[in-house]
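Asks: Contents of query_9.cif (mmCIF, C-alpha atoms) are given next:
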data_start
loop_
_atom_site.group_PDB
_atom_site.id
_atom_site.type_symbol
_atom_site.label_atom_id
_atom_site.label_comp_id
_atom_site.auth_asym_id
_atom_site.auth_seq_id
_atom_site.Cartn_x
_atom_site.Cartn_y
_atom_site.Cartn_z
ATOM 1 C CA MET E 1 -52.896 56.226 112.033
ATOM 2 C CA ALA E 2 -50.989 53.687 109.927
ATOM 3 C CA PHE E 3 -52.411 50.922 112.100
ATOM 4 C CA VAL E 4 -56.107 51.559 111.328
ATOM 5 C CA PRO E 5 -56.156 48.855 108.592
ATOM 6 C CA VAL E 6 -54.700 46.151 110.818
ATOM 7 C CA PHE E 7 -56.892 47.092 113.822
ATOM 8 C CA SER E 8 -60.023 46.989 111.633
ATOM 9 C CA ALA E 9 -59.206 43.658 110.029
ATOM 10 C CA LEU E 10 -58.268 41.973 113.308
ATOM 11 C CA ALA E 11 -61.373 43.305 115.077
ATOM 12 C CA ALA E 12 -63.562 41.943 112.267
ATOM 13 C CA VAL E 13 -62.506 38.361 113.093
ATOM 14 C CA PRO E 14 -64.377 38.107 116.424
ATOM 15 C CA LEU E 15 -66.924 40.912 115.887
ATOM 16 C CA LEU E 16 -68.131 40.074 112.366
ATOM 17 C CA ASP E 17 -67.028 36.449 112.248
ATOM 18 C CA GLU E 18 -64.921 37.081 109.135
ATOM 19 C CA PRO E 19 -61.801 34.918 109.165
ATOM 20 C CA LEU E 20 -58.550 36.318 107.786
ATOM 21 C CA SER E 21 -56.764 34.396 105.054
ATOM 22 C CA ALA E 22 -52.973 34.243 105.031
ATOM 23 C CA THR E 23 -52.928 36.268 101.786
ATOM 24 C CA THR E 24 -55.050 39.065 103.241
ATOM 25 C CA LEU E 25 -52.941 39.047 106.402
ATOM 26 C CA ALA E 26 -49.826 39.483 104.266
ATOM 27 C CA GLY E 27 -51.575 42.313 102.383
ATOM 28 C CA LEU E 28 -52.389 44.029 105.671
ATOM 29 C CA ALA E 29 -48.808 43.671 106.848
ATOM 30 C CA ALA E 30 -47.587 45.208 103.577
ATOM 31 C CA VAL E 31 -49.856 48.296 103.635
ATOM 32 C CA THR E 32 -49.043 48.884 107.313
ATOM 33 C CA ALA E 33 -45.309 48.505 106.680
ATOM 34 C CA GLY E 34 -45.592 50.850 103.683
ATOM 35 C CA ALA E 35 -47.374 53.518 105.723
ATOM 36 C CA VAL E 36 -44.855 53.262 108.592
ATOM 37 C CA LEU E 37 -41.929 53.296 106.166
ATOM 38 C CA GLY E 38 -43.345 56.344 104.379
ATOM 39 C CA ALA E 39 -43.866 58.158 107.673
ATOM 40 C CA ARG E 40 -40.313 57.420 108.827
ATOM 41 C CA GLN E 41 -38.867 58.723 105.575
ATOM 42 C CA GLY E 42 -39.879 62.343 105.640
ATOM 43 C CA GLY E 43 -43.349 62.656 107.103
ATOM 44 C CA PRO E 44 -46.628 61.007 106.330
ATOM 45 C CA LEU E 45 -47.587 59.673 102.965
ATOM 46 C CA PRO E 46 -49.945 62.286 101.575
ATOM 47 C CA SER E 47 -53.535 62.001 102.710
ATOM 48 C CA ALA E 48 -55.403 64.809 104.405
ATOM 49 C CA HIS E 49 -57.157 62.314 106.641
ATOM 50 C CA ALA E 50 -58.090 58.714 106.384
ATOM 51 C CA CYS E 51 -61.049 57.430 104.385
ATOM 52 C CA LYS E 52 -64.155 57.495 106.467
ATOM 53 C CA MET D 1 -53.056 74.998 128.615
ATOM 54 C CA SER D 2 -49.544 73.606 129.256
ATOM 55 C CA ALA D 3 -47.644 71.740 126.566
ATOM 56 C CA THR D 4 -47.925 68.475 128.549
ATOM 57 C CA THR D 5 -51.688 68.799 129.011
ATOM 58 C CA ASN D 6 -52.032 69.775 125.375
ATOM 59 C CA SER D 7 -50.027 66.771 124.289
ATOM 60 C CA ARG D 8 -52.032 64.399 126.531
ATOM 61 C CA SER D 9 -55.315 65.785 125.164
ATOM 62 C CA GLY D 10 -53.923 65.367 121.671
ATOM 63 C CA TRP D 11 -53.086 61.716 122.271
ATOM 64 C CA ILE D 12 -56.574 61.100 123.690
ATOM 65 C CA ALA D 13 -58.056 62.714 120.575
ATOM 66 C CA VAL D 14 -55.841 60.518 118.375
ATOM 67 C CA PHE D 15 -56.980 57.413 120.259
ATOM 68 C CA PHE D 16 -60.674 58.184 119.774
ATOM 69 C CA THR D 17 -60.119 59.168 116.130
ATOM 70 C CA ILE D 18 -58.489 55.794 115.460
ATOM 71 C CA CYS D 19 -61.386 54.069 117.263
ATOM 72 C CA ILE D 20 -63.933 55.869 115.055
ATOM 73 C CA TRP D 21 -62.018 55.171 111.820
ATOM 74 C CA THR D 22 -61.633 51.516 112.806
ATOM 75 C CA GLY D 23 -65.299 51.373 113.780
ATOM 76 C CA PHE D 24 -66.282 52.860 110.419
ATOM 77 C CA ILE D 25 -65.099 49.731 108.629
ATOM 78 C CA LEU D 26 -66.748 47.395 111.127
ATOM 79 C CA VAL D 27 -70.094 49.244 111.341
ATOM 80 C CA SER D 28 -70.263 49.766 107.570
ATOM 81 C CA ARG D 29 -69.538 46.097 106.860
ATOM 82 C CA HIS D 30 -72.162 45.150 109.454
ATOM 83 C CA GLY D 31 -74.556 47.492 107.627
ATOM 84 C CA GLY D 32 -73.581 45.836 104.351
ATOM 85 C CA THR D 33 -74.912 42.514 105.623
ATOM 86 C CA GLY D 34 -78.102 44.066 107.035
ATOM 87 C CA THR D 35 -81.495 45.071 105.620
ATOM 88 C CA LEU D 36 -80.812 48.646 104.513
ATOM 89 C CA THR D 37 -79.572 49.137 100.951
ATOM 90 C CA SER D 38 -76.232 50.814 100.374
ATOM 91 C CA TRP D 39 -78.218 53.775 98.962
ATOM 92 C CA ASP D 40 -80.087 54.025 102.275
ATOM 93 C CA ILE D 41 -76.860 54.100 104.284
ATOM 94 C CA ALA D 42 -75.488 56.868 102.042
ATOM 95 C CA SER D 43 -78.727 58.786 102.567
ATOM 96 C CA LEU D 44 -78.317 58.498 106.353
ATOM 97 C CA ARG D 45 -74.723 59.750 106.111
ATOM 98 C CA PHE D 46 -75.745 62.819 104.115
ATOM 99 C CA GLY D 47 -79.149 63.412 105.740
ATOM 100 C CA VAL D 48 -78.022 63.246 109.365
ATOM 101 C CA GLY D 49 -74.714 64.896 108.474
ATOM 102 C CA ALA D 50 -76.581 67.784 106.825
ATOM 103 C CA VAL D 51 -78.576 68.444 110.007
ATOM 104 C CA ILE D 52 -75.309 68.812 111.934
ATOM 105 C CA ALA D 53 -73.723 70.789 109.095
ATOM 106 C CA VAL D 54 -76.523 73.370 109.364
ATOM 107 C CA PHE D 55 -75.541 73.877 113.023
ATOM 108 C CA PHE D 56 -71.944 74.683 111.984
ATOM 109 C CA LEU D 57 -72.966 76.757 108.950
ATOM 110 C CA PRO D 58 -72.862 80.178 110.704
ATOM 111 C CA ARG D 59 -69.358 79.406 112.012
ATOM 112 C CA VAL D 60 -67.682 78.689 108.676
ATOM 113 C CA SER D 61 -66.970 80.486 105.457
ATOM 114 C CA LEU D 62 -68.142 78.293 102.585
ATOM 115 C CA PRO D 63 -66.088 78.075 99.378
ATOM 116 C CA LEU D 64 -67.440 78.938 95.918
ATOM 117 C CA LEU D 65 -70.268 76.801 94.557
ATOM 118 C CA ARG D 66 -67.932 75.199 92.022
ATOM 119 C CA VAL D 67 -65.628 74.076 94.842
ATOM 120 C CA VAL D 68 -68.591 72.787 96.867
ATOM 121 C CA ALA D 69 -69.591 70.722 93.823
ATOM 122 C CA LEU D 70 -66.060 69.326 93.440
ATOM 123 C CA PHE D 71 -65.866 68.440 97.157
ATOM 124 C CA SER D 72 -69.320 66.815 97.054
ATOM 125 C CA LEU D 73 -68.573 64.733 93.960
ATOM 126 C CA SER D 74 -65.233 63.473 95.298
ATOM 127 C CA GLY D 75 -65.346 63.302 99.122
ATOM 128 C CA GLY D 76 -69.143 63.048 99.329
ATOM 129 C CA ILE D 77 -71.281 61.237 96.774
ATOM 130 C CA GLY D 78 -68.496 59.617 94.717
ATOM 131 C CA TYR D 79 -66.857 58.149 97.784
ATOM 132 C CA ALA D 80 -69.942 57.106 99.750
ATOM 133 C CA ILE D 81 -71.970 55.330 97.080
ATOM 134 C CA ALA D 82 -68.932 53.310 95.970
ATOM 135 C CA VAL D 83 -67.804 52.170 99.406
ATOM 136 C CA TYR D 84 -71.251 51.404 100.851
ATOM 137 C CA ALA D 85 -71.992 49.268 97.772
ATOM 138 C CA ALA D 86 -68.602 47.552 98.177
ATOM 139 C CA PHE D 87 -69.314 46.735 101.843
ATOM 140 C CA ARG D 88 -72.143 44.461 100.608
ATOM 141 C CA MET D 89 -69.716 42.400 98.511
ATOM 142 C CA THR D 90 -66.355 42.273 100.217
ATOM 143 C CA PRO D 91 -65.154 41.467 103.761
ATOM 144 C CA ALA D 92 -63.953 44.095 106.221
ATOM 145 C CA ALA D 93 -60.305 43.057 105.868
ATOM 146 C CA HIS D 94 -60.367 43.981 102.179
ATOM 147 C CA ALA D 95 -61.902 47.350 103.056
ATOM 148 C CA ALA D 96 -59.104 47.852 105.592
ATOM 149 C CA VAL D 97 -56.426 47.309 102.940
ATOM 150 C CA LEU D 98 -58.146 49.096 100.057
ATOM 151 C CA LEU D 99 -59.492 52.160 101.901
ATOM 152 C CA PRO D 100 -57.105 53.502 104.587
ATOM 153 C CA GLY D 101 -54.319 51.190 103.416
ATOM 154 C CA ALA D 102 -54.348 52.142 99.723
ATOM 155 C CA LEU D 103 -55.157 55.828 100.232
ATOM 156 C CA PRO D 104 -51.563 57.105 100.590
ATOM 157 C CA PHE D 105 -50.546 55.149 97.494
ATOM 158 C CA LEU D 106 -53.400 56.493 95.362
ATOM 159 C CA THR D 107 -53.005 60.052 96.680
ATOM 160 C CA MET D 108 -49.335 60.079 95.757
ATOM 161 C CA ILE D 109 -49.965 58.585 92.319
ATOM 162 C CA ILE D 110 -52.669 61.156 91.534
ATOM 163 C CA ALA D 111 -50.487 63.998 92.888
ATOM 164 C CA TRP D 112 -47.745 62.750 90.580
ATOM 165 C CA LEU D 113 -49.944 62.448 87.459
ATOM 166 C CA TRP D 114 -52.206 65.455 88.083
ATOM 167 C CA LEU D 115 -49.989 67.970 89.846
ATOM 168 C CA GLY D 116 -46.583 66.752 88.750
ATOM 169 C CA HIS D 117 -45.436 66.130 92.345
ATOM 170 C CA LYS D 118 -42.950 63.360 91.793
ATOM 171 C CA PRO D 119 -42.430 61.322 94.993
ATOM 172 C CA ALA D 120 -38.956 61.349 96.525
ATOM 173 C CA PRO D 121 -36.939 58.161 95.901
ATOM 174 C CA SER D 122 -37.057 57.305 99.618
ATOM 175 C CA ARG D 123 -40.858 57.317 99.450
ATOM 176 C CA ARG D 124 -41.126 55.213 96.322
ATOM 177 C CA ALA D 125 -39.998 52.142 98.252
ATOM 178 C CA ALA D 126 -42.860 52.682 100.718
ATOM 179 C CA LEU D 127 -45.315 53.004 97.847
ATOM 180 C CA VAL D 128 -44.096 49.768 96.274
ATOM 181 C CA VAL D 129 -44.676 47.986 99.605
ATOM 182 C CA VAL D 130 -48.249 49.371 99.743
ATOM 183 C CA LEU D 131 -48.803 48.240 96.141
ATOM 184 C CA VAL D 132 -47.719 44.727 97.125
ATOM 185 C CA GLY D 133 -50.406 44.823 99.846
ATOM 186 C CA ILE D 134 -53.077 45.802 97.308
ATOM 187 C CA ILE D 135 -51.997 43.027 94.924
ATOM 188 C CA LEU D 136 -52.078 40.441 97.721
ATOM 189 C CA THR D 137 -55.629 41.500 98.587
ATOM 190 C CA ALA D 138 -56.675 41.122 94.944
ATOM 191 C CA ALA D 139 -55.006 37.697 94.914
ATOM 192 C CA ASP D 140 -57.165 36.700 97.884
ATOM 193 C CA SER D 141 -60.304 37.634 95.923
ATOM 194 C CA PHE D 142 -59.142 35.619 92.912
ATOM 195 C CA SER D 143 -58.775 32.543 95.121
ATOM 196 C CA ARG D 144 -62.417 32.556 96.306
ATOM 197 C CA GLY D 145 -63.802 30.269 93.633
ATOM 198 C CA PRO D 146 -66.096 31.084 90.699
ATOM 199 C CA GLN D 147 -69.169 31.911 92.826
ATOM 200 C CA LEU D 148 -67.522 34.511 95.036
ATOM 201 C CA THR D 149 -64.614 35.764 92.978
ATOM 202 C CA GLY D 150 -66.505 37.999 90.516
ATOM 203 C CA ARG D 151 -68.578 39.686 93.211
ATOM 204 C CA GLN D 152 -65.635 40.162 95.537
ATOM 205 C CA ILE D 153 -63.385 41.586 92.816
ATOM 206 C CA PHE D 154 -66.125 44.039 91.878
ATOM 207 C CA GLY D 155 -66.299 45.034 95.564
ATOM 208 C CA ASP D 156 -62.514 45.460 95.669
ATOM 209 C CA LEU D 157 -62.660 47.689 92.579
ATOM 210 C CA LEU D 158 -65.396 49.792 94.167
ATOM 211 C CA PHE D 159 -63.236 50.225 97.287
ATOM 212 C CA LEU D 160 -60.340 51.336 95.108
ATOM 213 C CA TYR D 161 -62.641 53.775 93.323
ATOM 214 C CA GLY D 162 -63.771 55.091 96.736
ATOM 215 C CA SER D 163 -60.143 55.512 97.789
ATOM 216 C CA LEU D 164 -59.423 57.287 94.522
ATOM 217 C CA SER D 165 -62.336 59.677 95.109
ATOM 218 C CA TRP D 166 -61.101 60.384 98.610
ATOM 219 C CA ALA D 167 -57.555 60.931 97.331
ATOM 220 C CA VAL D 168 -58.870 63.532 94.858
ATOM 221 C CA PHE D 169 -60.820 65.148 97.715
ATOM 222 C CA SER D 170 -57.647 65.258 99.856
ATOM 223 C CA LEU D 171 -55.724 66.953 97.050
ATOM 224 C CA LEU D 172 -58.561 69.428 96.468
ATOM 225 C CA LEU D 173 -58.409 70.313 100.172
ATOM 226 C CA GLY D 174 -54.778 71.256 99.688
ATOM 227 C CA ARG D 175 -55.554 73.225 96.532
ATOM 228 C CA TYR D 176 -58.265 75.451 98.002
ATOM 229 C CA ALA D 177 -57.754 77.488 101.169
ATOM 230 C CA VAL D 178 -60.605 75.986 103.179
ATOM 231 C CA THR D 179 -60.577 74.781 106.790
ATOM 232 C CA LEU D 180 -61.358 71.124 107.404
ATOM 233 C CA LEU D 181 -64.602 72.104 109.172
ATOM 234 C CA ALA D 182 -65.728 74.340 106.297
ATOM 235 C CA ALA D 183 -64.836 71.604 103.780
ATOM 236 C CA THR D 184 -66.827 69.034 105.780
ATOM 237 C CA VAL D 185 -69.864 71.333 106.049
ATOM 238 C CA ALA D 186 -69.677 72.161 102.325
ATOM 239 C CA THR D 187 -69.236 68.520 101.284
ATOM 240 C CA THR D 188 -72.042 67.242 103.499
ATOM 241 C CA LEU D 189 -74.550 69.930 102.521
ATOM 242 C CA GLY D 190 -73.644 69.751 98.822
ATOM 243 C CA SER D 191 -73.971 65.964 98.824
ATOM 244 C CA ALA D 192 -77.284 66.061 100.708
ATOM 245 C CA VAL D 193 -78.816 68.599 98.307
ATOM 246 C CA ALA D 194 -77.709 66.654 95.228
ATOM 247 C CA TYR D 195 -78.185 63.075 96.451
ATOM 248 C CA LEU D 196 -81.227 62.949 98.733
ATOM 249 C CA PRO D 197 -83.879 63.916 96.140
ATOM 250 C CA ILE D 198 -82.485 61.310 93.690
ATOM 251 C CA TRP D 199 -82.425 58.644 96.405
ATOM 252 C CA TRP D 200 -85.978 59.527 97.493
ATOM 253 C CA LEU D 201 -87.409 59.418 93.973
ATOM 254 C CA PHE D 202 -85.458 56.739 92.151
ATOM 255 C CA LEU D 203 -83.123 54.563 94.233
ATOM 256 C CA PRO D 204 -83.999 51.238 95.944
ATOM 257 C CA SER D 205 -84.755 51.564 99.632
ATOM 258 C CA ALA D 206 -85.513 49.144 102.461
ATOM 259 C CA PHE D 207 -86.249 51.676 105.191
ATOM 260 C CA ASP D 208 -89.719 50.287 105.776
ATOM 261 C CA GLN D 209 -88.350 46.766 106.399
ATOM 262 C CA ALA D 210 -85.217 47.595 108.400
ATOM 263 C CA PRO D 211 -85.203 47.338 112.206
ATOM 264 C CA VAL D 212 -85.154 50.699 113.993
ATOM 265 C CA SER D 213 -81.931 49.703 115.775
ATOM 266 C CA GLU D 214 -80.170 49.218 112.430
ATOM 267 C CA ILE D 215 -81.349 52.602 111.127
ATOM 268 C CA LEU D 216 -80.305 54.362 114.349
ATOM 269 C CA THR D 217 -76.892 52.675 114.432
ATOM 270 C CA GLN D 218 -76.064 53.677 110.866
ATOM 271 C CA ALA D 219 -77.506 57.186 111.297
ATOM 272 C CA LEU D 220 -75.477 57.822 114.443
ATOM 273 C CA TYR D 221 -72.270 56.274 113.181
ATOM 274 C CA GLN D 222 -72.205 57.472 109.569
ATOM 275 C CA GLY D 223 -73.857 60.858 109.992
ATOM 276 C CA VAL D 224 -72.517 61.973 113.373
ATOM 277 C CA LEU D 225 -69.398 60.062 114.446
ATOM 278 C CA VAL D 226 -67.721 59.490 111.086
ATOM 279 C CA VAL D 227 -68.473 62.770 109.372
ATOM 280 C CA PHE D 228 -68.183 65.247 112.238
ATOM 281 C CA VAL D 229 -66.840 63.843 115.505
ATOM 282 C CA ALA D 230 -63.808 62.121 113.924
ATOM 283 C CA MET D 231 -63.046 65.237 111.868
ATOM 284 C CA LEU D 232 -63.233 67.526 114.932
ATOM 285 C CA LEU D 233 -61.068 65.149 117.007
ATOM 286 C CA TYR D 234 -58.505 64.858 114.223
ATOM 287 C CA THR D 235 -58.326 68.635 113.798
ATOM 288 C CA PHE D 236 -57.929 69.030 117.571
ATOM 289 C CA ALA D 237 -55.203 66.362 117.685
ATOM 290 C CA CYS D 238 -53.256 68.118 114.930
ATOM 291 C CA ALA D 239 -53.630 71.514 116.602
ATOM 292 C CA ALA D 240 -52.617 70.190 120.042
ATOM 293 C CA SER D 241 -49.423 68.549 118.929
ATOM 294 C CA GLU D 242 -46.192 68.809 117.091
ATOM 295 C CA PRO D 243 -47.363 67.569 113.682
ATOM 296 C CA LYS D 244 -44.649 64.957 113.441
ATOM 297 C CA GLN D 245 -45.867 63.303 116.663
ATOM 298 C CA TRP D 246 -48.705 61.511 114.900
ATOM 299 C CA ARG D 247 -48.133 62.502 111.331
ATOM 300 C CA CYS D 248 -51.025 64.897 110.728
#
Hey, can you dump this file as structure tokens for me?

Replies:
Amino acid sequence: MAFVPVFSALAAVPLLDEPLSATTLAGLAAVTAGAVLGARQGGPLPSAHACK
Amino acid sequence: MSATTNSRSGWIAVFFTICIWTGFILVSRHGGTGTLTSWDIASLRFGVGAVIAVFFLPRVSLPLLRVVALFSLSGGIGYAIAVYAAFRMTPAAHAAVLLPGALPFLTMIIAWLWLGHKPAPSRRAALVVVLVGIILTAADSFSRGPQLTGRQIFGDLLFLYGSLSWAVFSLLLGRYAVTLLAATVATTLGSAVAYLPIWWLFLPSAFDQAPVSEILTQALYQGVLVVFVAMLLYTFACAASEPKQWRC
């Protein structure tokens, strides 16, 4: 589930024609790393289910 | 059902849940560049969702009216009107960072401030990394030049507000003993009853100018797939697995 942000942003490049800047890419990497890190250190970060 | 079959079904449910959550950002951003207003898209989410919620109504035990109102204001109206407005201003990548990406951060901060649940030291490092991601996304908006920057930052703030609303909703779910299905039915019906008359009477609409395909796409995705199908798949995935397998 931690990979939903990166999947969405990467899919938007060809599907919506929205290029990714290096800064946004770094932001995506950080939130994904944070979610994975949180999950590895004692379960998921607290969210009942993702925003939808 | 054997454990292996259960696990395989769970993984399939996880896969489709991720597809729907990913698709939510793409379809909503596509809607944000279309003819319908953000108010219209929210009305489709609640209107179509309410029709399905009525089907599930006999199968669930609804919480007290006060709780329905809290759910509707946080996970329903508060969330939807902010994020659909933001999708008109800000690219999908920003939504990806500031909605599902920022949610764990905001949920933990609110749990800390509101409920006094201080995060463990091992988790604080993860939260700092997520915060860096949010700051980098804001930095991207600030670099867009004077024409775009103001609009995009406002969109970013609306996404953060949407995430905050959803974080409050998540914490309310933990506070009240309600199943996810009952909470979804209550939130959808409560939001529809409160929002649809206001939208119909006062809010800007472009239904009469929008192509039928656009209306149908948003109705199907927001009202059916996002609100109900993803929730049912997620619940099934959690029930069919060891929770730690995919971090329910």

Asks: Taking (-70.0, 40.6, 110.9) as a centre in this file's frame and 8 Å as the limit, can you find every polymer residue with an atom that close, using all atoms listed in the file, and give them as a list of chain:residue names?

Replies: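 Here is the list of nearby residues: E:Ala12, E:Leu15, E:Leu16, E:Asp17, E:Glu18, D:Leu26, D:Arg29, D:His30, D:Thr33.
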
Asks: Those same residues - C-alpha atoms - I'd like them written as a CSV table (one decimal), in the frame of the given file.

Replies:
chain,number,residue,atom,x,y,z
E,12,ALA,CA,-63.6,41.9,112.3
E,15,LEU,CA,-66.9,40.9,115.9
E,16,LEU,CA,-68.1,40.1,112.4
E,17,ASP,CA,-67.0,36.4,112.2
E,18,GLU,CA,-64.9,37.1,109.1
D,26,LEU,CA,-66.7,47.4,111.1
D,29,ARG,CA,-69.5,46.1,106.9
D,30,HIS,CA,-72.2,45.2,109.5
D,33,THR,CA,-74.9,42.5,105.6

Asks: Pick out the closest residue to Ile41 of chain D from this set: D:Tyr176, D:Phe24, D:Tyr84, D:Phe56. Count only C-alpha atoms.

Replies: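 Result for the nearest residue to Ile41 of chain D: D:Tyr84.
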
Asks: Using all atoms listed in the file, which protein or nucleic acid residues come within 10 Å of segment 106-114 of chain D? Drop anything in the same chain fewer than 6 positions from it, and give the result as number ranges by chain.

Replies: E: 45-48; D: 98-99, 123-124, 127, 130-131, 160-161, 163-171

Asks: Using all atoms listed in the file, determine which residues lie at most 12 Å from Pro5 of chain E, disregarding the query and same-chain residues fewer than 6 positions distant; provide the list as a short mmCIF file (atom, residue, chain, number, x, y, z; two decimals) with C-alpha atoms, keeping the file's coordinate frame.

Replies:
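Okay, out_7.cif is ready:
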data_model
loop_
_atom_site.label_atom_id
_atom_site.label_comp_id
_atom_site.auth_asym_id
_atom_site.auth_seq_id
_atom_site.Cartn_x
_atom_site.Cartn_y
_atom_site.Cartn_z
CA ALA E 11 -61.37 43.30 115.08
CA ALA E 12 -63.56 41.94 112.27
CA THR E 24 -55.05 39.06 103.24
CA LEU E 25 -52.94 39.05 106.40
CA GLY E 27 -51.58 42.31 102.38
CA LEU E 28 -52.39 44.03 105.67
CA ALA E 29 -48.81 43.67 106.85
CA ALA E 30 -47.59 45.21 103.58
CA VAL E 31 -49.86 48.30 103.64
CA THR E 32 -49.04 48.88 107.31
CA ALA E 33 -45.31 48.50 106.68
CA GLY E 34 -45.59 50.85 103.68
CA ALA E 35 -47.37 53.52 105.72
CA ALA E 50 -58.09 58.71 106.38
CA CYS E 51 -61.05 57.43 104.38
CA LYS E 52 -64.16 57.50 106.47
CA ILE D 18 -58.49 55.79 115.46
CA CYS D 19 -61.39 54.07 117.26
CA TRP D 21 -62.02 55.17 111.82
CA THR D 22 -61.63 51.52 112.81
CA GLY D 23 -65.30 51.37 113.78
CA PHE D 24 -66.28 52.86 110.42
CA ILE D 25 -65.10 49.73 108.63
CA LEU D 26 -66.75 47.40 111.13
CA ALA D 92 -63.95 44.10 106.22
CA ALA D 93 -60.30 43.06 105.87
CA HIS D 94 -60.37 43.98 102.18
CA ALA D 95 -61.90 47.35 103.06
CA ALA D 96 -59.10 47.85 105.59
CA VAL D 97 -56.43 47.31 102.94
CA LEU D 98 -58.15 49.10 100.06
CA LEU D 99 -59.49 52.16 101.90
CA PRO D 100 -57.10 53.50 104.59
CA GLY D 101 -54.32 51.19 103.42
CA ALA D 102 -54.35 52.14 99.72
CA LEU D 103 -55.16 55.83 100.23
CA VAL D 130 -48.25 49.37 99.74
CA GLY D 133 -50.41 44.82 99.85
#

Asks: Here's the selection I'm unsure about, the PyMOL selection byres ((chain D and resi 63) around 10); applied to the file above, which residues does it give, as JSON, numbers by chain?

Replies: {"D": [60, 61, 62, 64, 65, 66, 67, 68, 69, 71, 176, 177, 178, 179, 182, 183, 186]}

Asks: With the file shown as input, list the residues that the PyMOL selection byres ((chain E and resi 23) around 8) selects, as an MDAnalysis selection string.

Replies: (chainID E and resid 21:22 24:27) or (chainID D and resid 136:137 139:140)

Asks: Would you work out the distance separating atom CA of Pro19 of chain E from atom CA of Phe3 of chain E, expressed in Å to one decimal?

Replies: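 Pair atom CA of Pro19 of chain E / atom CA of Phe3 of chain E returns 18.8 Å.
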
Asks: Got a sec: who's within 10 Å of Trp39 of chain D, counting all atoms listed in the file, leaving out chain neighbours fewer than 4 positions off, as a list in words?

Replies: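 In the requested format, the answer is Ser43, Leu44, Arg45, Ala80, Ile81, Ala82, Tyr84, Ala85, Tyr195, Leu196, Trp199, Trp200, Leu203, Pro204, Ser205 and Ala206 of chain D.
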
Asks: Rank D:Phe154, D:Phe87, D:Phe142, D:Phe46 by their smallest atom-to-atom distance to Val226 of chain D, using only C-alpha atoms, and report the top residue only.

Replies: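 Among the listed residues, D:Phe46 lies closest to Val226 of chain D.
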